[in-house]
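Raw target29.csv, CSV, C-alpha atoms:
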chain,number,residue,atom,x,y,z
B,152,MET,CA,2.1,32.8,9.8
B,153,ASN,CA,1.7,30.4,6.8
B,154,LYS,CA,-1.3,28.2,6.9
B,155,LEU,CA,-2.2,25.0,5.0
B,156,LEU,CA,-5.8,23.9,5.0
B,157,VAL,CA,-6.9,20.6,3.6
B,158,LEU,CA,-10.6,20.0,2.7
B,159,ALA,CA,-11.9,16.6,1.5
B,160,VAL,CA,-15.2,15.2,0.3
B,161,LEU,CA,-16.4,11.6,0.6
B,162,THR,CA,-17.1,10.0,-2.8
B,163,VAL,CA,-19.0,6.8,-3.6
B,164,SER,CA,-17.1,5.9,-6.7
B,165,PHE,CA,-13.8,5.5,-4.9
B,166,PHE,CA,-15.0,3.7,-1.8
B,167,SER,CA,-17.1,1.3,-4.0
B,168,CYS,CA,-13.8,-0.5,-4.6
B,169,SER,CA,-13.7,-1.7,-1.0
B,170,ASN,CA,-16.0,-3.9,1.0
B,171,ASP,CA,-15.2,-1.9,4.1
B,172,SER,CA,-15.9,1.8,4.0
B,173,ASN,CA,-13.4,2.4,6.8
B,174,ASP,CA,-10.5,1.2,4.7
B,175,ALA,CA,-10.4,2.0,1.0
B,176,THR,CA,-7.6,-0.4,0.3
B,177,ASN,CA,-9.0,-3.6,1.7
B,178,THR,CA,-9.6,-5.1,-1.8
B,179,THR,CA,-7.4,-2.8,-3.7
B,180,ALA,CA,-3.6,-2.2,-3.4
B,181,LEU,CA,-1.8,1.0,-3.7
B,182,ARG,CA,0.1,1.2,-7.0
B,183,GLU,CA,1.4,4.7,-7.3
B,184,VAL,CA,1.4,8.0,-5.4
B,185,VAL,CA,2.1,11.2,-7.4
B,186,LEU,CA,3.4,14.2,-5.3
B,187,PHE,CA,3.3,17.8,-6.4
B,188,ARG,CA,2.4,17.2,-10.0
B,189,ASN,CA,3.4,19.9,-12.5
B,190,SER,CA,5.9,21.4,-10.1
B,191,PRO,CA,9.7,21.2,-10.0
B,192,GLN,CA,9.3,18.8,-7.0
B,193,GLU,CA,7.0,16.4,-8.9
B,194,LEU,CA,7.7,12.8,-7.8
B,195,HIS,CA,6.1,9.5,-8.6
B,196,TRP,CA,6.3,6.7,-6.1
B,197,LYS,CA,5.7,3.2,-7.4
B,198,PHE,CA,4.7,0.2,-5.3
B,199,ASN,CA,4.9,-3.6,-5.9
B,200,THR,CA,2.1,-6.1,-5.2
B,201,SER,CA,3.5,-6.5,-1.6
B,202,GLY,CA,2.9,-2.8,-0.9
B,203,GLN,CA,6.6,-2.0,-0.9
B,204,LEU,CA,7.7,1.4,-2.3
B,205,THR,CA,10.2,0.2,-4.9
B,206,GLU,CA,11.1,3.3,-6.9
B,207,ALA,CA,10.7,7.0,-7.3
B,208,THR,CA,10.6,8.7,-10.8
B,209,ASN,CA,10.4,12.3,-11.9
B,210,ALA,CA,7.9,14.0,-14.3
B,211,GLN,CA,9.9,12.6,-17.3
B,212,ASN,CA,9.5,9.0,-15.9
B,213,GLN,CA,13.3,8.9,-15.2
B,214,LEU,CA,14.4,7.0,-12.1
B,215,VAL,CA,15.3,9.2,-9.1
B,216,GLU,CA,15.6,6.5,-6.5
B,217,ARG,CA,15.3,2.7,-6.3
B,218,TYR,CA,14.7,0.7,-3.1
B,219,THR,CA,15.7,-2.9,-2.3
B,220,TYR,CA,14.3,-4.8,0.7
B,221,ASN,CA,15.1,-7.8,2.8
B,222,ASN,CA,12.5,-10.3,4.0
B,223,LEU,CA,11.8,-8.2,7.1
B,224,ASN,CA,10.5,-5.3,4.9
B,225,GLN,CA,13.6,-3.3,5.7
B,226,ILE,CA,15.4,-1.2,3.0
B,227,THR,CA,18.8,-2.6,2.4
B,228,ARG,CA,19.8,-0.4,-0.5
B,229,VAL,CA,18.9,3.0,-2.0
B,230,GLY,CA,20.1,3.7,-5.5
B,231,LEU,CA,20.3,7.4,-6.4
B,232,PHE,CA,19.9,8.4,-10.1
B,233,THR,CA,20.6,11.5,-12.2
B,234,ASN,CA,19.0,11.7,-15.6
B,235,GLY,CA,18.0,8.1,-15.2
B,236,THR,CA,21.5,6.8,-14.5
B,237,GLU,CA,22.6,5.6,-11.1
B,238,THR,CA,25.3,7.8,-9.7
B,239,SER,CA,25.5,6.8,-6.0
B,240,SER,CA,23.9,4.5,-3.5
B,241,PHE,CA,23.4,3.7,0.2
B,242,THR,CA,23.4,0.2,1.7
B,243,PHE,CA,22.0,-0.5,5.2
B,244,THR,CA,22.1,-3.2,7.8
B,245,TYR,CA,19.9,-3.4,11.0
B,246,ASN,CA,20.2,-4.3,14.6
B,247,ASN,CA,17.8,-6.5,16.6
B,248,ASN,CA,15.6,-3.5,17.4
B,249,GLY,CA,15.0,-2.8,13.7
B,250,ILE,CA,17.1,0.4,13.7
B,251,VAL,CA,19.9,1.0,11.1
B,252,ALA,CA,23.2,-0.5,12.3
B,253,SER,CA,25.4,0.5,9.4
B,254,ILE,CA,25.3,2.6,6.3
B,255,ASN,CA,27.7,1.8,3.4
B,256,GLY,CA,29.7,-0.3,5.9
B,257,ASN,CA,30.1,2.5,8.4
B,258,ALA,CA,28.7,1.7,11.8
B,259,VAL,CA,25.8,3.6,13.3
B,260,VAL,CA,26.7,4.0,16.9
B,261,HIS,CA,24.0,3.5,19.5
B,262,ASN,CA,24.4,5.4,22.8
B,263,SER,CA,22.3,3.4,25.3
B,264,ALA,CA,22.4,6.1,27.9
B,265,THR,CA,20.7,8.7,25.6
B,266,ASN,CA,19.1,6.1,23.3
B,267,THR,CA,20.5,7.9,20.3
B,268,TYR,CA,22.0,6.7,17.0
B,269,THR,CA,25.0,8.5,15.4
B,270,TYR,CA,26.2,8.2,11.8
B,271,SER,CA,29.1,10.0,10.1
B,272,HIS,CA,29.4,10.5,6.3
B,273,ASN,CA,31.6,12.8,4.3
B,274,GLY,CA,32.2,15.2,7.2
B,275,THR,CA,28.5,15.2,8.2
B,276,VAL,CA,27.6,13.7,11.6
B,277,ARG,CA,23.9,13.0,12.4
B,278,THR,CA,22.6,11.9,15.7
B,279,VAL,CA,19.0,10.5,15.6
B,280,THR,CA,16.5,9.8,18.4
B,281,PHE,CA,13.5,7.5,17.7
B,282,ASN,CA,10.2,6.9,19.5
B,283,ALA,CA,8.7,3.5,20.1
B,284,ASP,CA,7.3,3.5,16.6
B,285,ARG,CA,10.8,3.9,15.1
B,286,LYS,CA,9.9,7.4,14.0
B,287,ALA,CA,12.6,10.1,14.4
B,288,THR,CA,11.8,12.7,17.0
B,289,GLN,CA,15.1,14.6,17.1
B,290,ILE,CA,18.0,14.8,14.7
B,291,VAL,CA,21.2,16.8,15.4
B,292,GLU,CA,23.4,17.4,12.3
B,293,MET,CA,26.9,18.7,12.6
B,294,VAL,CA,29.0,19.8,9.6
B,295,GLY,CA,32.3,21.1,11.0
B,296,THR,CA,31.2,23.7,13.6
B,297,GLU,CA,27.8,24.4,12.0
B,298,SER,CA,24.8,22.6,13.5
B,299,THR,CA,21.3,22.0,12.3
B,300,GLY,CA,18.6,20.6,14.6
B,301,TYR,CA,15.3,18.9,13.6
B,302,LEU,CA,12.5,18.3,16.0
B,303,MET,CA,9.4,16.1,15.1
B,304,THR,CA,6.3,15.4,17.2
B,305,TYR,CA,3.6,12.8,16.5
B,306,GLN,CA,0.1,12.0,17.7
B,307,ASN,CA,-1.8,8.8,16.7
B,308,GLY,CA,0.7,8.0,14.0
B,309,ASN,CA,0.6,11.5,12.4
B,310,LEU,CA,3.3,14.1,12.3
B,311,THR,CA,2.0,17.1,14.2
B,312,SER,CA,5.1,19.4,14.0
B,313,TYR,CA,8.4,19.6,12.2
B,314,THR,CA,11.0,22.2,13.1
B,315,ARG,CA,14.4,22.8,11.5
B,316,THR,CA,16.8,25.2,13.2
B,317,SER,CA,20.2,26.1,11.8
B,318,MET,CA,22.7,29.0,12.0
B,319,THR,CA,21.5,30.3,8.6
B,320,SER,CA,17.8,29.5,8.3
B,321,ASN,CA,14.8,28.2,10.2
B,322,MET,CA,11.6,26.4,9.2
B,323,SER,CA,8.6,25.2,11.1
B,324,ARG,CA,5.4,23.4,10.2
B,325,ASN,CA,2.6,22.4,12.4
B,326,TYR,CA,0.0,19.9,11.1
B,327,SER,CA,-3.5,19.2,12.2
B,328,TYR,CA,-5.7,16.3,11.0
B,329,ASN,CA,-9.3,15.5,10.3
B,330,THR,CA,-9.9,11.9,11.3
B,331,MET,CA,-12.7,11.4,8.8
B,332,MET,CA,-11.9,8.3,6.7
B,333,THR,CA,-11.6,10.5,3.6
B,334,TYR,CA,-8.2,11.6,4.8
B,335,ARG,CA,-7.0,8.2,5.8
B,336,THR,CA,-4.6,7.0,3.1
B,337,GLU,CA,-2.2,5.1,5.4
B,338,LEU,CA,0.7,6.6,3.4
B,339,GLY,CA,2.8,6.4,6.6
B,340,ARG,CA,2.6,2.6,6.6
B,341,TYR,CA,3.9,2.4,3.1
B,342,THR,CA,6.7,4.9,3.7
B,343,ALA,CA,7.9,3.7,7.1
B,344,ALA,CA,10.9,1.8,5.9
B,345,LEU,CA,12.0,4.7,3.7
B,346,ALA,CA,11.5,7.3,6.5
B,347,LEU,CA,13.7,5.3,8.8
B,348,VAL,CA,16.7,5.4,6.5
B,349,LYS,CA,16.0,9.0,5.4
B,350,SER,CA,16.3,10.0,9.0
B,351,PHE,CA,20.0,9.3,8.7
B,352,THR,CA,20.6,10.4,5.1
B,353,GLU,CA,18.0,13.1,4.3
B,354,PRO,CA,16.1,14.5,7.3
B,355,GLU,CA,14.2,17.1,5.1
B,356,PHE,CA,12.2,14.1,3.9
B,357,LEU,CA,10.2,14.2,7.1
B,358,ALA,CA,9.0,17.8,6.6
B,359,HIS,CA,6.0,17.0,4.3
B,360,ALA,CA,4.2,14.6,6.7
B,361,PHE,CA,4.5,11.7,4.2
B,362,THR,CA,5.0,9.5,7.3
B,363,SER,CA,1.4,10.2,8.6
B,364,GLU,CA,-1.5,7.8,8.3
B,365,TYR,CA,-3.8,10.6,7.3
B,366,VAL,CA,-3.4,13.5,4.8
B,367,PRO,CA,-3.1,16.7,6.8
B,368,GLU,CA,-6.1,18.9,7.0
B,369,GLU,CA,-4.1,22.0,7.9
B,370,CYS,CA,-0.5,23.2,8.1
B,371,HIS,CA,0.8,26.4,9.7
B,372,HIS,CA,4.2,27.5,8.4
B,373,GLY,CA,6.5,29.8,10.2
B,374,ALA,CA,6.8,32.6,7.6
B,375,PRO,CA,5.3,36.1,8.0
B,376,ALA,CA,2.5,35.9,5.4
B,377,ALA,CA,-0.7,34.0,6.1
B,378,LEU,CA,-0.4,31.2,3.5
B,379,ARG,CA,-3.2,28.7,3.3
B,380,PHE,CA,-3.7,25.7,1.0
B,381,SER,CA,-7.3,24.6,0.6
B,382,TYR,CA,-7.5,20.9,-0.4
B,383,GLY,CA,-10.3,19.1,-2.1
B,384,VAL,CA,-10.7,15.6,-3.4
B,385,ILE,CA,-11.1,14.7,-7.0
B,386,PRO,CA,-12.5,11.1,-7.1
B,387,GLY,CA,-12.0,8.5,-9.8
B,388,GLU,CA,-12.3,4.8,-10.2
B,389,ARG,CA,-9.6,3.4,-7.9
B,390,SER,CA,-8.0,6.8,-7.5
B,391,LEU,CA,-8.0,9.7,-5.0
B,392,GLN,CA,-6.5,13.1,-5.7
B,393,PHE,CA,-5.9,15.9,-3.2
B,394,THR,CA,-5.6,19.3,-4.9
B,395,SER,CA,-4.6,22.6,-3.4
B,396,GLU,CA,-5.6,26.2,-3.8
B,397,GLU,CA,-3.2,28.6,-2.4
B,398,TYR,CA,-4.3,31.6,-0.3
B,399,VAL,CA,-1.9,34.4,0.7
B,400,ASN,CA,-3.4,36.6,3.4
B,401,ASP,CA,-6.8,35.1,2.4
B,402,THR,CA,-6.4,36.0,-1.2
B,403,PRO,CA,-6.9,33.0,-3.6
B,404,GLY,CA,-3.9,32.1,-5.7
B,405,THR,CA,-2.4,29.1,-7.4
B,406,ILE,CA,-4.3,25.8,-7.8
B,407,ALA,CA,-2.0,22.7,-7.9
B,408,SER,CA,-1.9,19.0,-7.1
B,409,TYR,CA,-0.7,17.9,-3.7
B,410,GLN,CA,-1.0,14.1,-3.5
B,411,GLU,CA,-2.6,11.6,-6.0
B,412,TYR,CA,-3.3,8.0,-5.1
B,413,TYR,CA,-3.8,5.2,-7.7
B,414,TYR,CA,-5.0,1.7,-6.7
B,415,GLY,CA,-5.3,-1.7,-8.5
B,416,ASN,CA,-6.0,-5.3,-7.7
Could you spell out this file's structure in structure tokens?
Amino acid sequence: MNKLLVLAVLTVSFFSCSNDSNDATNTTALREVVLFRNSPQELHWKFNTSGQLTEATNAQNQLVERYTYNNLNQITRVGLFTNGTETSSFTFTYNNNGIVASINGNAVVHNSATNTYTYSHNGTVRTVTFNADRKATQIVEMVGTESTGYLMTYQNGNLTSYTRTSMTSNMSRNYSYNTMMTYRTELGRYTAALALVKSFTEPEFLAHAFTSEYVPEECHHGAPAALRFSYGVIPGERSLQFTSEEYVNDTPGTIASYQEYYYGN
């Protein structure tokens, strides 16, 4: 079993930016989140002054994705970039329940009997079930006769399990959380609009618990070796960094960055 362990330490210098120790962003706004720095998956999320996630860039500061919103804070367009040049895009409309109604002009069909939403694109059919918080709990993907299933469970706004099952490979992750305020980044609030559209276009986005209100303390993977990541916080003025140390069968290994948060006025 693979295991991810997150450890965090309260720091005065970070929380001094806020008048309320229970919310580090009351007087500061999230400006950037860096994911998996110095890895092939490195990604930089940029936020505007309204707290909207507007673009994602890679380690070379090249655009990867750009997001456009309507006045209801719903994403209406996602531009996809290769080497900094836009190569494709998705456009979205919404129904009265705030669920995607169409993608690139193709209707998302709502089955009221099962409360599922189905979208077809380039031979791929995805059927999505949402909970009351508009977070995907089940996705069934069909490509011809091959199927892939995704199951997600949540508790108190945090992803607690993610499972992907297909005819060729399986993956599972089970997350647990420490409710100390150190772990509360509210990233799920900032990524909610993106997670909604990614449920239809890229279900794997949900695997990393970026939709959670807290940074996970521990994650168990479904692989044979006991893999554990021990996370600690590196504080800075208006910044918060979670770093990881990898353990395989309790043997220390690679140290890397997991999530970095940068705040401004």
Query - All residues 6 Å or closer to region 227-241 of chain B, all atoms listed in the file, same chain fewer than 5 positions away omitted, as a ChimeraX atom specification - result: /B:213-220,255
Next, write the just-selected residues to a file, as a CSV table (one decimal), in the frame of the given file, keeping C-alpha atoms as the atom set.
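Just written: result.csv:
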chain,number,residue,atom,x,y,z
B,213,GLN,CA,13.3,8.9,-15.2
B,214,LEU,CA,14.4,7.0,-12.1
B,215,VAL,CA,15.3,9.2,-9.1
B,216,GLU,CA,15.6,6.5,-6.5
B,217,ARG,CA,15.3,2.7,-6.3
B,218,TYR,CA,14.7,0.7,-3.1
B,219,THR,CA,15.7,-2.9,-2.3
B,220,TYR,CA,14.3,-4.8,0.7
B,255,ASN,CA,27.7,1.8,3.4
Query raised in the report: Near Gly274 (chain B), counting only C-alpha atoms, which residues have an atom at most 12 Å away, once you skip same-chain residues fewer than 6 positions from it, shown as a PyMOL selection string?
Result: chain B and resi 292-297
Query raised in the report: Pick from B:Phe281, B:Tyr341, B:Phe356, B:Tyr334: nearest to Asn224 (chain B), with all atoms listed in the file counted?
Result: B:Tyr341
Query raised in the report: What is the distance, in Å and to one decimal place, between CA of Gly256 (chain B) and CA of Ala283 (chain B)?
Result: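 According to the coordinates, CA of Gly256 (chain B) and CA of Ala283 (chain B) are separated by 25.6 Å.
Atom to atom, CA of Ser408 (chain B) and CA of Arg188 (chain B) stand 5.5 Å apart.
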Query raised in the report: Around (-9.5, 8.7, 9.4) in the file's frame, which residues reach within 10 Å when counting all atoms listed in the file? Return as a PyMOL selection string?
Result: chain B and resi 173-174+328-337+364-366
Restricting it to C-alpha atoms, dump the selection as a PDB file, keeping the file's coordinate frame.
ATOM      1  CA  ASN B 173     -13.400   2.400   6.800  1.00  0.00           C
ATOM      2  CA  ASP B 174     -10.500   1.200   4.700  1.00  0.00           C
ATOM      3  CA  TYR B 328      -5.700  16.300  11.000  1.00  0.00           C
ATOM      4  CA  ASN B 329      -9.300  15.500  10.300  1.00  0.00           C
ATOM      5  CA  THR B 330      -9.900  11.900  11.300  1.00  0.00           C
ATOM      6  CA  MET B 331     -12.700  11.400   8.800  1.00  0.00           C
ATOM      7  CA  MET B 332     -11.900   8.300   6.700  1.00  0.00           C
ATOM      8  CA  THR B 333     -11.600  10.500   3.600  1.00  0.00           C
ATOM      9  CA  TYR B 334      -8.200  11.600   4.800  1.00  0.00           C
ATOM     10  CA  ARG B 335      -7.000   8.200   5.800  1.00  0.00           C
ATOM     11  CA  THR B 336      -4.600   7.000   3.100  1.00  0.00           C
ATOM     12  CA  GLU B 337      -2.200   5.100   5.400  1.00  0.00           C
ATOM     13  CA  GLU B 364      -1.500   7.800   8.300  1.00  0.00           C
ATOM     14  CA  TYR B 365      -3.800  10.600   7.300  1.00  0.00           C
ATOM     15  CA  VAL B 366      -3.400  13.500   4.800  1.00  0.00           C
TER      16      VAL B 366
END
Report task. For CA of Thr299 (chain B) and CA of Asn247 (chain B), quote the distance in Å rounded to one decimal. Result -> 29.0 Å
Requested in this report: Pull the neighbourhood of (17.9, 11.2, 14.0) for me: all residues within 10 Å in file coordinates, counting only C-alpha atoms, as a PyMOL selection string.
Outcome: chain B and resi 267-270+277-281+286-292+300-303+347-354
Store the residues picked out above in a file with C-alpha atoms, as a compact mmCIF listing (two decimals), in the coordinates of the input.
# COMPACT_ATOMS: atom_id res chain seq x y z
CA THR B 267 20.50 7.90 20.30
CA TYR B 268 22.00 6.70 17.00
CA THR B 269 25.00 8.50 15.40
CA TYR B 270 26.20 8.20 11.80
CA ARG B 277 23.90 13.00 12.40
CA THR B 278 22.60 11.90 15.70
CA VAL B 279 19.00 10.50 15.60
CA THR B 280 16.50 9.80 18.40
CA PHE B 281 13.50 7.50 17.70
CA LYS B 286 9.90 7.40 14.00
CA ALA B 287 12.60 10.10 14.40
CA THR B 288 11.80 12.70 17.00
CA GLN B 289 15.10 14.60 17.10
CA ILE B 290 18.00 14.80 14.70
CA VAL B 291 21.20 16.80 15.40
CA GLU B 292 23.40 17.40 12.30
CA GLY B 300 18.60 20.60 14.60
CA TYR B 301 15.30 18.90 13.60
CA LEU B 302 12.50 18.30 16.00
CA MET B 303 9.40 16.10 15.10
CA LEU B 347 13.70 5.30 8.80
CA VAL B 348 16.70 5.40 6.50
CA LYS B 349 16.00 9.00 5.40
CA SER B 350 16.30 10.00 9.00
CA PHE B 351 20.00 9.30 8.70
CA THR B 352 20.60 10.40 5.10
CA GLU B 353 18.00 13.10 4.30
CA PRO B 354 16.10 14.50 7.30
**Report entry** Shell around Leu310 (chain B) at 12 Å using only C-alpha atoms, local window under 4 positions removed, as number ranges by chain
**Finding:** B: 286-288, 302-306, 314, 324-328, 338-339, 357-370
Please dump the current selection as a PDB file, keeping the file's coordinate frame; keep C-alpha atoms.
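again-v1.pdb written:
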ATOM      1  CA  LYS B 286       9.900   7.400  14.000  1.00  0.00           C
ATOM      2  CA  ALA B 287      12.600  10.100  14.400  1.00  0.00           C
ATOM      3  CA  THR B 288      11.800  12.700  17.000  1.00  0.00           C
ATOM      4  CA  LEU B 302      12.500  18.300  16.000  1.00  0.00           C
ATOM      5  CA  MET B 303       9.400  16.100  15.100  1.00  0.00           C
ATOM      6  CA  THR B 304       6.300  15.400  17.200  1.00  0.00           C
ATOM      7  CA  TYR B 305       3.600  12.800  16.500  1.00  0.00           C
ATOM      8  CA  GLN B 306       0.100  12.000  17.700  1.00  0.00           C
ATOM      9  CA  THR B 314      11.000  22.200  13.100  1.00  0.00           C
ATOM     10  CA  ARG B 324       5.400  23.400  10.200  1.00  0.00           C
ATOM     11  CA  ASN B 325       2.600  22.400  12.400  1.00  0.00           C
ATOM     12  CA  TYR B 326       0.000  19.900  11.100  1.00  0.00           C
ATOM     13  CA  SER B 327      -3.500  19.200  12.200  1.00  0.00           C
ATOM     14  CA  TYR B 328      -5.700  16.300  11.000  1.00  0.00           C
ATOM     15  CA  LEU B 338       0.700   6.600   3.400  1.00  0.00           C
ATOM     16  CA  GLY B 339       2.800   6.400   6.600  1.00  0.00           C
ATOM     17  CA  LEU B 357      10.200  14.200   7.100  1.00  0.00           C
ATOM     18  CA  ALA B 358       9.000  17.800   6.600  1.00  0.00           C
ATOM     19  CA  HIS B 359       6.000  17.000   4.300  1.00  0.00           C
ATOM     20  CA  ALA B 360       4.200  14.600   6.700  1.00  0.00           C
ATOM     21  CA  PHE B 361       4.500  11.700   4.200  1.00  0.00           C
ATOM     22  CA  THR B 362       5.000   9.500   7.300  1.00  0.00           C
ATOM     23  CA  SER B 363       1.400  10.200   8.600  1.00  0.00           C
ATOM     24  CA  GLU B 364      -1.500   7.800   8.300  1.00  0.00           C
ATOM     25  CA  TYR B 365      -3.800  10.600   7.300  1.00  0.00           C
ATOM     26  CA  VAL B 366      -3.400  13.500   4.800  1.00  0.00           C
ATOM     27  CA  PRO B 367      -3.100  16.700   6.800  1.00  0.00           C
ATOM     28  CA  GLU B 368      -6.100  18.900   7.000  1.00  0.00           C
ATOM     29  CA  GLU B 369      -4.100  22.000   7.900  1.00  0.00           C
ATOM     30  CA  CYS B 370      -0.500  23.200   8.100  1.00  0.00           C
TER      31      CYS B 370
END
**Report entry** Minimum-distance residue to Tyr414 (chain B), chosen among B:Gln211, B:Gln192, B:Thr319, B:Thr200 (using all atoms listed in the file)
**Finding:**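 Nearest candidate to Tyr414 (chain B) out of B:Gln211, B:Gln192, B:Thr319, B:Thr200: B:Thr200.
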Around region 358-366 of chain B, with edges along x, y and z and 3 Å added on all six sides, what centre and edge lengths do you get, in Å to one decimal, as AutoDock Vina command-line options?
--center_x 2.6 --center_y 12.8 --center_z 6.4 --size_x 18.8 --size_y 16.0 --size_z 10.4
Query raised in the report: Got a sec: who's within 9 Å of Ala180 (chain B), counting all atoms listed in the file, leaving out chain neighbours fewer than 3 positions off, as a list in words?
Result: Thr176, Asn177, Phe198, Asn199, Thr200, Ser201, Gly202, Tyr413, Tyr414, Gly415 and Asn416 of chain B
**Report entry** Pick from B:Asn282, B:Ser271, B:Gln203, B:Ser190, whichever lies nearest to Ala343 (chain B) using only C-alpha atoms
**Finding:**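 Going through B:Asn282, B:Ser271, B:Gln203, B:Ser190 one by one, the smallest distance to Ala343 (chain B) is for B:Gln203.
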